[in-house]
Structures are given as structure tokens and as C-alpha cells.
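K.L.:
Contents of structure.cif (mmCIF, C-alpha atoms and all ligand atoms):
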data_target
loop_
_atom_site.label_atom_id
_atom_site.label_comp_id
_atom_site.auth_asym_id
_atom_site.auth_seq_id
_atom_site.Cartn_x
_atom_site.Cartn_y
_atom_site.Cartn_z
CA MET P 263 -14.33 -17.06 -1.83
CA GLY P 264 -13.90 -17.11 1.94
CA VAL P 265 -13.33 -14.16 4.23
CA ILE P 266 -10.24 -12.21 3.25
CA ASN P 267 -7.81 -11.97 6.14
CA HIS P 268 -4.49 -11.45 4.40
CA VAL P 269 -3.12 -9.71 1.29
CA PRO P 270 0.34 -10.30 -0.18
CA PRO P 271 2.46 -7.32 -1.23
CA LEU P 272 2.16 -8.62 -4.78
CA ASP P 273 1.18 -11.90 -6.39
CA LEU P 274 3.16 -12.82 -9.49
CA LYS P 275 1.74 -16.32 -9.57
CA ARG P 276 -1.76 -14.88 -9.93
CA GLN P 277 -0.55 -12.40 -12.55
CA TYR P 278 1.25 -14.97 -14.70
CA GLU P 279 -1.21 -17.86 -14.35
CA PRO P 280 -3.09 -17.06 -17.61
CA LEU P 281 0.27 -17.04 -19.46
CA SER P 282 1.70 -20.19 -17.91
CA LYS P 283 1.45 -22.31 -21.08
CA GLN P 284 3.28 -19.69 -23.19
CA ILE P 285 5.87 -19.15 -20.46
CA LEU P 286 6.63 -22.87 -20.11
CA GLU P 287 6.78 -23.29 -23.90
CA THR P 288 9.28 -20.45 -24.04
CA PHE P 289 11.47 -22.11 -21.40
CA GLU P 290 11.36 -25.28 -23.45
CA ARG P 291 12.10 -23.46 -26.71
CA ILE P 292 15.20 -21.78 -25.29
CA PHE P 293 16.28 -25.01 -23.58
CA ASN P 294 16.03 -26.86 -26.90
CA SER P 295 17.81 -24.08 -28.80
CA GLY P 296 20.91 -24.30 -26.62
CA GLY P 297 21.53 -20.59 -27.32
CA PHE P 298 21.74 -18.75 -24.01
CA ILE P 299 23.66 -15.57 -24.82
CA LEU P 300 22.19 -12.74 -26.96
CA GLY P 301 20.68 -14.01 -30.23
CA PRO P 302 17.35 -13.34 -31.99
CA ASP P 303 15.19 -13.15 -28.84
CA VAL P 304 17.34 -10.35 -27.43
CA THR P 305 17.28 -8.48 -30.76
CA SER P 306 13.50 -8.91 -31.04
CA LEU P 307 12.87 -7.83 -27.46
CA GLU P 308 14.99 -4.73 -28.03
CA LYS P 309 12.92 -3.86 -31.11
CA GLU P 310 9.64 -4.51 -29.33
CA LEU P 311 10.64 -2.39 -26.32
CA ALA P 312 11.77 0.42 -28.65
CA GLN P 313 8.41 0.27 -30.37
CA PHE P 314 6.56 0.23 -27.05
CA LEU P 315 8.39 3.38 -25.92
CA GLY P 316 8.60 5.08 -29.29
CA VAL P 317 12.39 5.37 -29.19
CA SER P 318 14.84 4.39 -31.89
CA HIS P 319 16.93 1.98 -29.77
CA THR P 320 16.81 -0.08 -26.63
CA ILE P 321 19.68 -2.23 -25.40
CA GLY P 322 18.91 -5.19 -23.14
CA VAL P 323 21.18 -5.37 -20.12
CA THR P 324 21.67 -7.23 -16.87
CA SER P 325 19.76 -4.87 -14.55
CA GLY P 326 18.52 -1.35 -14.00
CA THR P 327 21.67 -0.65 -12.02
CA ASP P 328 23.84 -1.59 -14.99
CA ALA P 329 21.54 0.37 -17.33
CA LEU P 330 22.30 3.49 -15.27
CA TRP P 331 26.03 2.77 -15.14
CA LEU P 332 26.20 2.11 -18.89
CA ALA P 333 24.29 5.32 -19.64
CA LEU P 334 26.68 7.32 -17.45
CA LYS P 335 29.71 5.72 -19.14
CA ALA P 336 28.20 6.26 -22.59
CA VAL P 337 27.95 10.04 -22.09
CA GLY P 338 31.54 10.10 -20.86
CA ILE P 339 31.06 10.63 -17.12
CA LYS P 340 34.49 10.26 -15.60
CA PRO P 341 36.13 10.14 -12.19
CA GLY P 342 35.70 13.41 -10.33
CA ASP P 343 32.60 14.54 -12.24
CA HIS P 344 29.53 15.36 -10.20
CA VAL P 345 26.15 13.88 -11.05
CA LEU P 346 23.01 15.46 -9.61
CA THR P 347 20.12 13.26 -8.52
CA SER P 348 17.33 12.83 -6.01
CA PRO P 349 18.19 11.90 -2.43
CA PHE P 350 14.91 9.94 -2.32
CA THR P 351 15.51 6.95 -4.56
CA PHE P 352 16.65 3.36 -4.38
CA PHE P 353 20.37 3.47 -3.61
CA ALA P 354 21.13 1.86 -7.00
CA THR P 355 20.88 5.31 -8.61
CA VAL P 356 23.72 6.45 -6.39
CA SER P 357 25.74 3.21 -6.69
CA ALA P 358 25.76 3.64 -10.47
CA ILE P 359 27.09 7.19 -10.15
CA CYS P 360 29.82 6.08 -7.72
CA ASN P 361 30.72 3.03 -9.82
CA ALA P 362 31.19 5.32 -12.82
CA GLY P 363 33.80 7.08 -10.64
CA ALA P 364 31.66 10.18 -10.20
CA ILE P 365 30.44 11.94 -7.06
CA PRO P 366 26.71 12.05 -6.29
CA VAL P 367 25.24 15.43 -5.41
CA PHE P 368 21.60 15.97 -4.52
CA ALA P 369 18.71 18.36 -4.91
CA ASP P 370 15.70 17.97 -2.62
CA ILE P 371 12.36 16.63 -3.81
CA ASP P 372 8.90 18.00 -4.42
CA PRO P 373 6.73 16.99 -1.42
CA ASP P 374 3.74 16.12 -3.63
CA THR P 375 5.39 13.86 -6.20
CA PHE P 376 8.50 12.68 -4.26
CA ASN P 377 10.52 13.52 -7.40
CA ILE P 378 13.48 15.87 -7.71
CA CYS P 379 12.37 19.52 -7.57
CA PRO P 380 13.46 21.78 -10.47
CA GLU P 381 13.75 24.81 -8.15
CA LYS P 382 16.19 22.87 -5.98
CA ILE P 383 18.11 21.78 -9.08
CA LYS P 384 18.40 25.45 -10.03
CA GLN P 385 19.88 26.25 -6.61
CA ALA P 386 22.33 23.34 -6.82
CA LEU P 387 23.49 24.48 -10.26
CA LYS P 388 23.94 28.03 -8.99
CA GLN P 389 26.22 26.74 -6.22
CA ASP P 390 28.22 24.67 -8.72
CA THR P 391 30.62 27.49 -9.49
CA ASN P 392 33.37 25.14 -10.74
CA LYS P 393 30.96 23.49 -13.18
CA LYS P 394 31.59 20.02 -11.84
CA ILE P 395 28.04 18.81 -12.40
CA LYS P 396 27.97 17.06 -15.76
CA ALA P 397 24.70 15.17 -15.67
CA ILE P 398 21.31 15.00 -13.96
CA ILE P 399 19.50 11.77 -13.17
CA PRO P 400 15.83 12.49 -12.55
CA VAL P 401 14.13 9.45 -11.00
CA HIS P 402 10.51 8.80 -11.94
CA LEU P 403 9.65 7.42 -8.52
CA TYR P 404 6.79 4.98 -7.89
CA GLY P 405 5.65 5.28 -11.55
CA GLN P 406 5.18 9.03 -11.88
CA ALA P 407 7.37 11.24 -14.08
CA ALA P 408 9.61 13.94 -12.70
CA GLU P 409 8.95 17.48 -13.93
CA MET P 410 10.85 16.98 -17.17
CA ASN P 411 10.03 20.26 -18.93
CA ALA P 412 11.85 22.31 -16.31
CA ILE P 413 14.61 19.72 -15.87
CA LEU P 414 15.36 19.50 -19.59
CA SER P 415 15.44 23.24 -19.97
CA LEU P 416 17.86 23.63 -17.01
CA ALA P 417 20.03 20.86 -18.46
CA GLU P 418 20.12 22.60 -21.81
CA GLN P 419 21.04 25.95 -20.26
CA HIS P 420 23.89 24.30 -18.33
CA ASN P 421 24.97 21.86 -21.02
CA LEU P 422 24.27 18.77 -18.94
CA PHE P 423 23.37 15.24 -19.89
CA VAL P 424 20.03 13.94 -18.68
CA ILE P 425 19.74 10.24 -17.86
CA GLU P 426 16.26 9.25 -16.79
CA ASP P 427 16.03 6.67 -14.04
CA ALA P 428 12.82 5.11 -15.32
CA CYS P 429 13.41 1.87 -13.41
CA GLN P 430 10.01 2.16 -11.71
CA ALA P 431 8.13 3.82 -14.54
CA ILE P 432 7.90 1.78 -17.72
CA GLY P 433 4.94 3.06 -19.74
CA THR P 434 4.51 6.32 -17.79
CA ARG P 435 3.59 9.22 -20.05
CA HIS P 436 4.77 12.75 -19.50
CA ASP P 437 3.19 15.66 -21.46
CA LYS P 438 6.37 15.70 -23.51
CA GLY P 439 6.38 11.95 -24.28
CA VAL P 440 6.86 8.59 -22.68
CA VAL P 441 9.51 8.38 -19.94
CA GLY P 442 12.84 7.09 -21.17
CA SER P 443 12.43 9.01 -24.43
CA LEU P 444 12.88 12.48 -22.95
CA GLY P 445 16.48 12.71 -21.79
CA HIS P 446 19.67 11.62 -23.58
CA LEU P 447 19.19 8.07 -22.30
CA GLY P 448 16.76 6.18 -20.08
CA ALA P 449 17.46 3.31 -17.68
CA PHE P 450 14.85 0.66 -16.91
CA SER P 451 14.78 -2.22 -14.46
CA MET P 452 12.96 -5.46 -15.12
CA PHE P 453 13.56 -6.84 -11.64
CA PRO P 454 10.75 -9.37 -11.00
CA THR P 455 8.60 -7.00 -8.92
CA LYS P 456 8.61 -4.19 -11.50
CA ASN P 457 5.55 -3.46 -13.68
CA LEU P 458 7.33 -5.45 -16.41
CA GLY P 459 9.43 -7.98 -14.52
CA ALA P 460 11.71 -10.76 -15.67
CA PHE P 461 12.25 -14.10 -13.92
CA GLY P 462 15.45 -12.81 -12.39
CA ASP P 463 17.50 -9.66 -12.94
CA ALA P 464 17.20 -7.74 -16.20
CA GLY P 465 17.04 -4.18 -17.48
CA PHE P 466 17.48 -2.05 -20.56
CA VAL P 467 18.72 1.29 -21.80
CA SER P 468 16.55 3.46 -24.07
CA VAL P 469 18.08 6.01 -26.41
CA ASN P 470 17.26 8.00 -29.53
CA ASN P 471 20.81 8.74 -30.61
CA SER P 472 22.51 6.07 -32.74
CA SER P 473 26.06 6.76 -31.63
CA LEU P 474 25.06 6.63 -27.94
CA ALA P 475 23.21 3.37 -28.67
CA GLU P 476 26.35 1.95 -30.26
CA LYS P 477 28.43 3.05 -27.29
CA VAL P 478 26.08 1.34 -24.82
CA THR P 479 26.08 -1.83 -26.95
CA LEU P 480 29.87 -1.78 -27.03
CA LEU P 481 30.20 -1.18 -23.29
CA ARG P 482 27.73 -4.01 -22.61
CA THR P 483 30.14 -6.58 -24.07
CA HIS P 484 33.60 -5.55 -22.82
CA GLY P 485 33.95 -2.87 -25.48
CA SER P 486 34.07 -5.49 -28.19
CA THR P 487 32.17 -6.15 -31.41
CA VAL P 488 34.76 -8.47 -32.93
CA ARG P 489 35.61 -11.29 -30.56
CA TYR P 490 38.80 -10.65 -28.54
CA HIS P 491 39.24 -7.17 -30.01
CA HIS P 492 38.45 -4.53 -27.38
CA GLU P 493 37.96 -0.93 -28.44
CA ILE P 494 37.12 0.42 -25.00
CA VAL P 495 36.91 -0.93 -21.47
CA GLY P 496 33.36 -2.04 -20.77
CA SER P 497 31.95 -4.89 -18.78
CA ASN P 498 29.69 -7.91 -19.10
CA CYS P 499 26.19 -6.42 -18.90
CA ARG P 500 24.19 -8.54 -21.34
CA ILE P 501 20.57 -9.46 -20.69
CA ASP P 502 20.14 -13.26 -20.58
CA THR P 503 18.51 -14.79 -23.65
CA ILE P 504 16.04 -16.68 -21.49
CA GLN P 505 14.96 -13.45 -19.80
CA ALA P 506 14.55 -11.70 -23.14
CA ALA P 507 12.45 -14.57 -24.51
CA LEU P 508 10.20 -14.59 -21.44
CA LEU P 509 9.85 -10.81 -21.42
CA ARG P 510 8.59 -11.02 -25.01
CA VAL P 511 5.69 -13.09 -23.67
CA LEU P 512 4.95 -10.53 -20.95
CA LEU P 513 5.39 -7.24 -22.84
CA PRO P 514 2.10 -7.46 -24.83
CA GLN P 515 0.27 -7.58 -21.47
CA LEU P 516 1.95 -4.50 -20.02
CA ASN P 517 -0.62 -1.88 -21.01
CA SER P 518 -3.49 -3.91 -19.58
CA TRP P 519 -1.51 -4.57 -16.38
CA ILE P 520 -0.86 -0.84 -16.05
CA GLN P 521 -4.56 -0.17 -16.49
CA LEU P 522 -5.41 -2.66 -13.75
CA ARG P 523 -2.94 -0.94 -11.43
CA GLN P 524 -4.51 2.44 -12.25
CA GLU P 525 -8.01 1.13 -11.56
CA ALA P 526 -6.89 -0.34 -8.25
CA ALA P 527 -5.24 3.01 -7.39
CA SER P 528 -8.47 4.92 -8.14
CA TYR P 529 -10.36 2.54 -5.88
CA TYR P 530 -7.89 3.17 -3.04
CA ASP P 531 -8.14 6.94 -3.65
CA GLU P 532 -11.89 6.81 -3.33
CA ARG P 533 -11.96 4.62 -0.25
CA LEU P 534 -9.08 6.41 1.54
CA LYS P 535 -10.81 9.81 1.28
CA GLU P 536 -12.62 9.14 4.55
CA LEU P 537 -9.25 8.84 6.33
CA SER P 538 -7.70 11.96 4.84
CA SER P 539 -6.98 13.64 8.19
CA LYS P 540 -4.43 10.94 9.02
CA ILE P 541 -3.52 9.36 5.70
CA GLU P 542 -2.57 11.16 2.51
CA SER P 543 -3.10 9.24 -0.70
CA PRO P 544 -0.69 9.77 -3.62
CA LYS P 545 -0.94 13.12 -5.39
CA ARG P 546 -0.99 13.18 -9.19
CA ALA P 547 1.26 15.53 -11.13
CA PRO P 548 -0.69 17.41 -13.82
CA TYR P 549 2.04 16.66 -16.40
CA SER P 550 2.30 12.88 -15.94
CA THR P 551 0.30 9.69 -15.91
CA HIS P 552 0.93 7.42 -12.93
CA THR P 553 1.59 3.74 -13.60
CA PHE P 554 1.53 2.85 -9.91
CA HIS P 555 4.56 0.69 -9.52
CA GLN P 556 3.82 1.58 -5.92
CA TYR P 557 0.76 3.01 -4.23
CA THR P 558 2.46 5.04 -1.55
CA ILE P 559 0.59 6.84 1.19
CA ARG P 560 1.89 9.34 3.70
CA VAL P 561 1.06 8.73 7.34
CA HIS P 562 0.94 11.94 9.35
CA ASN P 563 1.85 12.68 12.98
CA GLY P 564 4.62 10.10 13.35
CA GLY P 565 2.29 7.14 12.91
CA ARG P 566 3.94 5.42 9.96
CA ASP P 567 5.88 2.72 11.79
CA SER P 568 2.90 1.91 14.00
CA LEU P 569 0.60 1.54 10.97
CA SER P 570 3.21 -0.59 9.21
CA LYS P 571 3.35 -2.90 12.24
CA PHE P 572 -0.45 -3.03 12.44
CA LEU P 573 -0.71 -3.99 8.75
CA THR P 574 1.97 -6.66 9.15
CA GLU P 575 0.12 -8.09 12.16
CA SER P 576 -3.03 -8.11 10.00
CA LYS P 577 -1.09 -10.08 7.34
CA ILE P 578 -1.10 -7.23 4.85
CA GLY P 579 2.07 -6.74 2.81
CA ASN P 580 3.55 -3.28 3.21
CA SER P 581 6.92 -1.67 2.60
CA ILE P 582 8.80 1.52 3.21
CA TYR P 583 10.43 2.85 0.05
CA TYR P 584 12.74 4.27 1.41
CA PRO P 585 13.36 4.60 5.15
CA ILE P 586 16.74 6.38 4.86
CA PRO P 587 17.40 8.97 2.16
CA CYS P 588 20.54 8.39 0.13
CA HIS P 589 22.55 11.30 1.54
CA LEU P 590 22.28 9.81 5.05
CA GLN P 591 23.38 6.31 4.05
CA LYS P 592 26.54 5.03 5.74
CA ALA P 593 27.99 4.26 2.30
CA LEU P 594 28.18 8.01 1.62
CA SER P 595 29.47 9.08 5.03
CA HIS P 596 32.74 10.22 3.41
CA LEU P 597 30.75 12.98 1.65
CA ASN P 598 29.79 14.51 5.01
CA PHE P 599 26.10 15.06 4.42
CA LYS P 600 24.05 15.61 7.56
CA THR P 601 20.47 15.43 8.76
CA GLY P 602 18.68 18.59 7.63
CA ASP P 603 20.50 18.86 4.29
CA PHE P 604 17.44 17.66 2.31
CA PRO P 605 14.54 18.06 4.75
CA ILE P 606 11.73 17.24 2.32
CA ALA P 607 13.30 13.89 1.44
CA GLU P 608 13.97 13.23 5.12
CA LYS P 609 10.32 13.93 6.02
CA ALA P 610 9.13 11.69 3.19
CA ALA P 611 11.41 8.89 4.43
CA SER P 612 9.70 9.09 7.83
CA GLU P 613 6.13 9.15 6.47
CA VAL P 614 5.82 6.96 3.36
CA LEU P 615 4.24 3.54 3.33
CA SER P 616 3.46 1.46 0.24
CA ILE P 617 0.44 -0.83 0.34
CA PRO P 618 -0.32 -3.76 -1.97
CA ILE P 619 -1.00 -2.96 -5.60
CA PHE P 620 -0.70 -5.44 -8.43
CA PRO P 621 -2.68 -6.58 -11.47
CA GLY P 622 -5.40 -8.88 -10.21
CA ILE P 623 -5.68 -7.50 -6.68
CA LEU P 624 -9.31 -7.99 -5.67
CA ARG P 625 -11.60 -5.20 -4.52
CA GLN P 626 -12.33 -7.34 -1.44
CA GLU P 627 -8.59 -7.40 -0.70
CA GLN P 628 -8.42 -3.63 -1.07
CA ASP P 629 -11.47 -3.30 1.20
CA TYR P 630 -9.75 -5.44 3.84
CA ILE P 631 -6.66 -3.19 3.59
CA VAL P 632 -8.61 0.08 3.84
CA ASP P 633 -10.79 -1.26 6.65
CA THR P 634 -7.66 -2.32 8.53
CA ILE P 635 -6.10 1.13 8.05
CA ALA P 636 -9.38 2.68 9.25
CA ARG P 637 -9.29 0.49 12.38
CA TRP P 638 -5.76 1.69 13.07
CA THR P 639 -6.73 5.35 12.63
CA ARG P 640 -9.52 5.00 15.20
CA SER P 641 -6.99 4.17 17.91
CA HIS P 642 -4.38 6.80 16.81
C1 LIG P 701 14.65 3.91 -8.84
C2 LIG P 701 15.47 2.69 -9.13
N1 LIG P 701 16.67 2.83 -9.70
C3 LIG P 701 17.44 1.77 -9.98
C4 LIG P 701 17.03 0.50 -9.70
C5 LIG P 701 17.94 -0.64 -9.99
O1 LIG P 701 17.38 -1.63 -10.76
P1 LIG P 701 17.86 -3.16 -10.63
O2 LIG P 701 17.35 -3.68 -9.34
O3 LIG P 701 17.25 -3.83 -11.82
O4 LIG P 701 19.35 -3.15 -10.69
C6 LIG P 701 15.78 0.29 -9.12
C7 LIG P 701 15.30 -1.07 -8.83
O5 LIG P 701 14.88 -1.44 -7.81
C8 LIG P 701 14.98 1.42 -8.81
O6 LIG P 701 13.80 1.27 -8.22
#
For this file, write the structure as C-alpha cells.

P.N.:
Amino acid sequence: MGVINHVPPLDLKRQYEPLSKQILETFERIFNSGGFILGPDVTSLEKELAQFLGVSHTIGVTSGTDALWLALKAVGIKPGDHVLTSPFTFFATVSAICNAGAIPVFADIDPDTFNICPEKIKQALKQDTNKKIKAIIPVHLYGQAAEMNAILSLAEQHNLFVIEDACQAIGTRHDKGVVGSLGHLGAFSMFPTKNLGAFGDAGFVSVNNSSLAEKVTLLRTHGSTVRYHHEIVGSNCRIDTIQAALLRVLLPQLNSWIQLRQEAASYYDERLKELSSKIESPKRAPYSTHTFHQYTIRVHNGGRDSLSKFLTESKIGNSIYYPIPCHLQKALSHLNFKTGDFPIAEKAASEVLSIPIFPGILRQEQDYIVDTIARWTRSH
């Protein structure tokens, strides 16, 4: 191998290379079957995902965004209801709330885990004197679980539904169980870059309650089980058969891919220690494993954008998840949030930077990344 002078943000080709024969055979099998909507591959994938998570049901859907929307609809969220979530998430969490007709409200995050803070949830619930908040969506950001013990107990006290946004956290284990099995429902994304990614958009809902599972299944196909008979208004949110079939090839690899991500993360932790005055590596919550969908560092003293530029110039993939917290997005300007409303999320948005992590990343690539960061710190 020559000198390493670039690292991609992720490398799916490298990851899938050992499976290419099985993947191509699956394409061919589905092509020859001529069956492209639902069918046995979808049913089998749903069973296999349920087994993987240890839940009674999963329902394959079009995307993580639709998984969230379907979960909200299934628990009866209706126009005018408030749904509490983290301001520091991909905007899809909020879009789903709005598209269910509800109003997003926020509680600030924990600075160590970037996940919604139970103390802040408590304050938000105290201020909710008209009892408009009907559900909480904790987001397990970057692959680490939110503090579910406290969240579930607050939800129980206030009679709220809990929908886990586990879009970034398939396989993450909380003390209480695997994410997606802890709340009333869980929503997962299988967008191609996720730890388990399809070859296009896909997602699923996880649930332990049969009647909620039935409701999601009904909503997924225009509220219909008998063709052209519609019991409720739903939408078209089915996972594609081809995606389900391909995901069945990938799923058996997921645990080993997670382990590779965790090993790569430990290597970064070790090597980044020497830079700890300027760079903070990800903190681990005592109650959760971390599946490292992202390895996200904090860059202190206003240096984040400069480091990002330096990495890009050094041909190292890097991304900011997320540069603007949800409450300050233009799309929510009608809700009149302002800078300072959720200061911990706002600070995180100005400091976070995700560096390459993927199954198969080489130690030499990680060394090049850490050495490049070290070079940057010497001049800042
Ligand atoms: C936290 C979070 N929620 C929701 C979603 C939406 O998932 P999808 O892109 O599959 O619609 C994503 C995906 O990026 C996500 O990261």
C-alpha cells in the first residue's frame, strides 16, 4: 500500500465487496421473480429484524422519516398536539412531527452525550400546564442511547407516548434493553450511510404491542388490508421488496460491522488523547453501548470550521451533524424560537465535527487523520 493521503467519509464499496456475489445474486433473484412490492422477502426481513432487536414486530417502511410519522400516527397524535424532542437532531425528527399535524417543542441536550436531557424534559413538562405534550421522541444520536430510564419514568408519570428515534442507533444496547424496544415504538432508518444501509431509502418501525403493529401496517398501505377497502387514512410507506431482499444479505454482518466501528473508535480515542486540550473525543454514557454511526469530536475555542476546512484540504471526509439546531431552522420560524433558547444544543452545533468511521477503515487511514488534526492544532 502506498502513502495514505486521503480518506473518504465512508466506503461502502469496500464494505460490501466481500458480499458482492450474494448481492448480485439477490438482484437477479428479485428481477427474475417479477415481484417488487411486499412479498416473502419483506415478511422475512421483518422477522429477522424483530429477532435481531428482540421485539415482537417490525414493519418495513420507506424511510426513517416515514417510520417516525407512522409511529406518531399509530399512537393517535393529532393536529394541535405537542411532541417533545431534542433540538439537536436531523430535521427529519421534526418534519415527522409537523407532518403528523403536531407542534414540535424542545428540551435541551446533555452536553456529554448530545442526547435530550431528562432534567430539561422535566422542566418542559412542568411548563406544559395545559397538558398539550402527548409524546416524547428521544433521539439516540450518533449511535448512543438517550437516558431512557429517566425518560420512560417521566413519560409514565405524565401519561405520554415514547417513540424512540433510533435512526442512527441500530444495535445500540441500553441497560434496559436494545434501543427501539424500550419505548412504545421505535423508528429506524436504513438510508445507505447508516450502520445497516439499504441501496436507496428504507426504514422500519419496531414495536412490542400487537395492536400498534397492526395500526402501523395498516397506515403503511393507505389504511387498507383488503384491496380498495380503506379503514383509515394512511399513505404509501412500504419498503421496496428489492431493498428488503438486499438488507437480508447485509443484516447477518451487522454485529461484526458494529464491532469494527467500535474498535476504530477506541483507536481514535487512544490516539486523540494527546490533543485533548483542543479536541474532545466522544464521551460514553455509562448506561449505553455506542455503535458509532458517527465518531463526533468537539473542537474548542471556535476552531471547528477551520479544522473542517483543513481536513477537507487534506482530502479527509468530514461533516457537521448538525450546524443549525432545529429550533433555529427557517422552517420553524413561525414558532418564534430564538438564539439562546437551547444554549447547550447551540454550543454543540458550533463545535461538533464528525470524522471518518466505517467498517474496514485502516489504522493507517486513522493515523493520517489524527496526524492531520495534530498538525492543525499546532498552528491554532
Ligand atoms: C436522527 C434521525 N432521524 C430521522 C432520520 C430520517 O431517516 P431517513 O433519512 O431514512 O428518512 C435520520 C436519517 O438521516 C436521522 O439521522

K.L.:
Within 6 Å of ligand LIG 701 (chain P), which residues of chain P come that close, and what is the closest atom pair and distance in Å for each? Count all atoms listed in the file and give it as a tab-separated table.

P.N.:
residue	atom	partner	partner_atom	distance
P:Ser325	CA	P:LIG701	O3	3.9
P:Gly326	CA	P:LIG701	O1	3.4
P:Thr327	CA	P:LIG701	O4	3.7
P:Thr351	CA	P:LIG701	C1	5.3
P:Phe352	CA	P:LIG701	C1	4.9
P:Ala354	CA	P:LIG701	C3	4.7
P:Thr355	CA	P:LIG701	N1	5.0
P:Val401	CA	P:LIG701	C1	6.0
P:Asp427	CA	P:LIG701	N1	5.8
P:Cys429	CA	P:LIG701	C2	4.8
P:Gln430	CA	P:LIG701	O6	5.2
P:Ser451	CA	P:LIG701	O3	4.0
P:Met452	CA	P:LIG701	O3	5.7
P:Phe453	CA	P:LIG701	O3	4.8
P:Asp463	CA	P:LIG701	O3	5.9
P:Ala464	CA	P:LIG701	O3	5.9
P:Gly465	CA	P:LIG701	O3	5.7

K.L.:
Any idea what's packed within 12 Å of Asn411 (chain P), counting only C-alpha atoms, ignoring anything in its chain fewer than 6 positions away? Could you give it as an MDAnalysis selection string?

P.N.:
chainID P and resid 379:380 400 417:418 424 436:439 441 444:445 549:550

K.L.:
Any chance you can output those residues with C-alpha atoms as a short mmCIF file (atom, residue, chain, number, x, y, z; two decimals), in the coordinates of the input?

P.N.:
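Below you can see part_23.cif, which holds the result:
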data_model
loop_
_atom_site.label_atom_id
_atom_site.label_comp_id
_atom_site.auth_asym_id
_atom_site.auth_seq_id
_atom_site.Cartn_x
_atom_site.Cartn_y
_atom_site.Cartn_z
CA CYS P 379 12.37 19.52 -7.57
CA PRO P 380 13.46 21.78 -10.47
CA PRO P 400 15.83 12.49 -12.55
CA ALA P 417 20.03 20.86 -18.46
CA GLU P 418 20.12 22.60 -21.81
CA VAL P 424 20.03 13.94 -18.68
CA HIS P 436 4.77 12.75 -19.50
CA ASP P 437 3.19 15.66 -21.46
CA LYS P 438 6.37 15.70 -23.51
CA GLY P 439 6.38 11.95 -24.28
CA VAL P 441 9.51 8.38 -19.94
CA LEU P 444 12.88 12.48 -22.95
CA GLY P 445 16.48 12.71 -21.79
CA TYR P 549 2.04 16.66 -16.40
CA SER P 550 2.30 12.88 -15.94
#

K.L.:
Skip Ile339 (chain P) itself and residues of its chain fewer than 2 positions away, then list as a ChimeraX atom specification all residues within 9 Å of it, counting all atoms listed in the file.

P.N.:
/P:333-337,341-345,359,362-364,396-397

K.L.:
List every residue of region 603-634 of chain P that has an atom at most 12 Å from any atom of region 263-272 of chain P, and for each one report the closest atom pair and its distance in Å to one decimal, counting only C-alpha atoms, with rows sorted by chain and then by increasing residue number, as a tab-separated table.

P.N.:
residue	atom	partner	partner_atom	distance
P:Leu615	CA	P:Pro271	CA	11.9
P:Ser616	CA	P:Pro271	CA	9.0
P:Ile617	CA	P:Pro271	CA	7.0
P:Pro618	CA	P:Pro271	CA	4.6
P:Ile619	CA	P:Leu272	CA	6.5
P:Phe620	CA	P:Leu272	CA	5.6
P:Pro621	CA	P:Leu272	CA	8.5
P:Gly622	CA	P:Leu272	CA	9.3
P:Ile623	CA	P:Leu272	CA	8.1
P:Leu624	CA	P:Val269	CA	9.5
P:Arg625	CA	P:Ile266	CA	10.6
P:Gln626	CA	P:Ile266	CA	7.1
P:Glu627	CA	P:Val269	CA	6.3
P:Gln628	CA	P:Val269	CA	8.4
P:Asp629	CA	P:Ile266	CA	9.2
P:Tyr630	CA	P:Ile266	CA	6.8
P:Ile631	CA	P:Val269	CA	7.8
P:Val632	CA	P:Val269	CA	11.5
P:Asp633	CA	P:Asn267	CA	11.1
P:Thr634	CA	P:Asn267	CA	9.9

K.L.:
Using only C-alpha atoms, which of the listed residues (P:Lys577, P:Pro514, P:Asp370, P:Ser472) sits closest to Gln313 (chain P)?

P.N.:
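Selected residue with least distance to Gln313 (chain P): P:Pro514.
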
K.L.:
Between P:Ile425, P:Ala460, P:Leu537, P:Leu447, which is the closest to Ala506 (chain P) once you count only C-alpha atoms?

P.N.:
P:Ala460

K.L.:
Quick check, in Å to one decimal: how far apart do CA of Arg482 (chain P) and CA of Trp331 (chain P) lie?

P.N.:
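These two atoms are separated by 10.2 Å.
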
K.L.:
Between P:Lys456, P:Arg489, P:Arg546, P:His562, which residue has the minimum interatomic distance to Leu516 (chain P), considering all atoms listed in the file?

P.N.:
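Counting all atoms listed in the file, the residue closest to Leu516 (chain P) is P:Lys456.
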
K.L.:
What is the CA of Val614 (chain P)-CA of Ser595 (chain P) distance in Å, reported with one decimal?

P.N.:
23.8 Å

K.L.:
Can you work out which one of P:Ile586, P:Val367, P:Leu597, P:Ala507 has the shortest atom-to-atom distance to Gly301 (chain P), counting only C-alpha atoms?

P.N.:
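So, comparing all the options, the nearest one is P:Ala507.
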
K.L.:
Choose the residue, out of P:Cys360, P:Ile582, P:Ile321, P:Ile299, that has the smallest atom-to-atom separation from Lys340 (chain P); count all atoms listed in the file.

P.N.:
P:Cys360

K.L.:
Between P:Cys588, P:Ala611, P:Val469, P:Val304, which one has atoms that come closest to Thr347 (chain P), using only C-alpha atoms?

P.N.:
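Smallest separation from Thr347 (chain P) among the options: P:Cys588.
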
K.L.:
Since the input is missing atoms, can you rebuild N, CA and C atoms for region 560-571 of chain P and write them as an mmCIF file, keeping the file's coordinate frame?

P.N.:
data_model
loop_
_atom_site.group_PDB
_atom_site.id
_atom_site.type_symbol
_atom_site.label_atom_id
_atom_site.label_comp_id
_atom_site.auth_asym_id
_atom_site.auth_seq_id
_atom_site.Cartn_x
_atom_site.Cartn_y
_atom_site.Cartn_z
ATOM 1 N N ARG P 560 1.149 8.688 2.623
ATOM 2 C CA ARG P 560 1.890 9.340 3.700
ATOM 3 C C ARG P 560 1.077 9.186 4.977
ATOM 4 N N VAL P 561 1.751 8.854 6.052
ATOM 5 C CA VAL P 561 1.060 8.730 7.340
ATOM 6 C C VAL P 561 1.526 9.893 8.202
ATOM 7 N N HIS P 562 0.566 10.736 8.599
ATOM 8 C CA HIS P 562 0.940 11.940 9.350
ATOM 9 C C HIS P 562 1.184 11.657 10.832
ATOM 10 N N ASN P 563 1.701 12.666 11.499
ATOM 11 C CA ASN P 563 1.850 12.680 12.980
ATOM 12 C C ASN P 563 2.668 11.514 13.528
ATOM 13 N N GLY P 564 3.695 11.113 12.818
ATOM 14 C CA GLY P 564 4.620 10.100 13.350
ATOM 15 C C GLY P 564 4.032 8.702 13.454
ATOM 16 N N GLY P 565 2.948 8.441 12.736
ATOM 17 C CA GLY P 565 2.290 7.140 12.910
ATOM 18 C C GLY P 565 2.738 6.056 11.946
ATOM 19 N N ARG P 566 3.643 6.359 11.025
ATOM 20 C CA ARG P 566 3.940 5.420 9.960
ATOM 21 C C ARG P 566 4.379 4.036 10.450
ATOM 22 N N ASP P 567 5.353 4.020 11.378
ATOM 23 C CA ASP P 567 5.880 2.720 11.790
ATOM 24 C C ASP P 567 4.826 1.891 12.529
ATOM 25 N N SER P 568 3.977 2.601 13.277
ATOM 26 C CA SER P 568 2.900 1.910 14.000
ATOM 27 C C SER P 568 1.888 1.323 13.013
ATOM 28 N N LEU P 569 1.535 2.079 11.969
ATOM 29 C CA LEU P 569 0.600 1.540 10.970
ATOM 30 C C LEU P 569 1.238 0.363 10.230
ATOM 31 N N SER P 570 2.512 0.494 9.905
ATOM 32 C CA SER P 570 3.210 -0.590 9.210
ATOM 33 C C SER P 570 3.131 -1.884 10.033
ATOM 34 N N LYS P 571 3.386 -1.739 11.336
ATOM 35 C CA LYS P 571 3.350 -2.900 12.240
ATOM 36 C C LYS P 571 1.935 -3.490 12.283
#
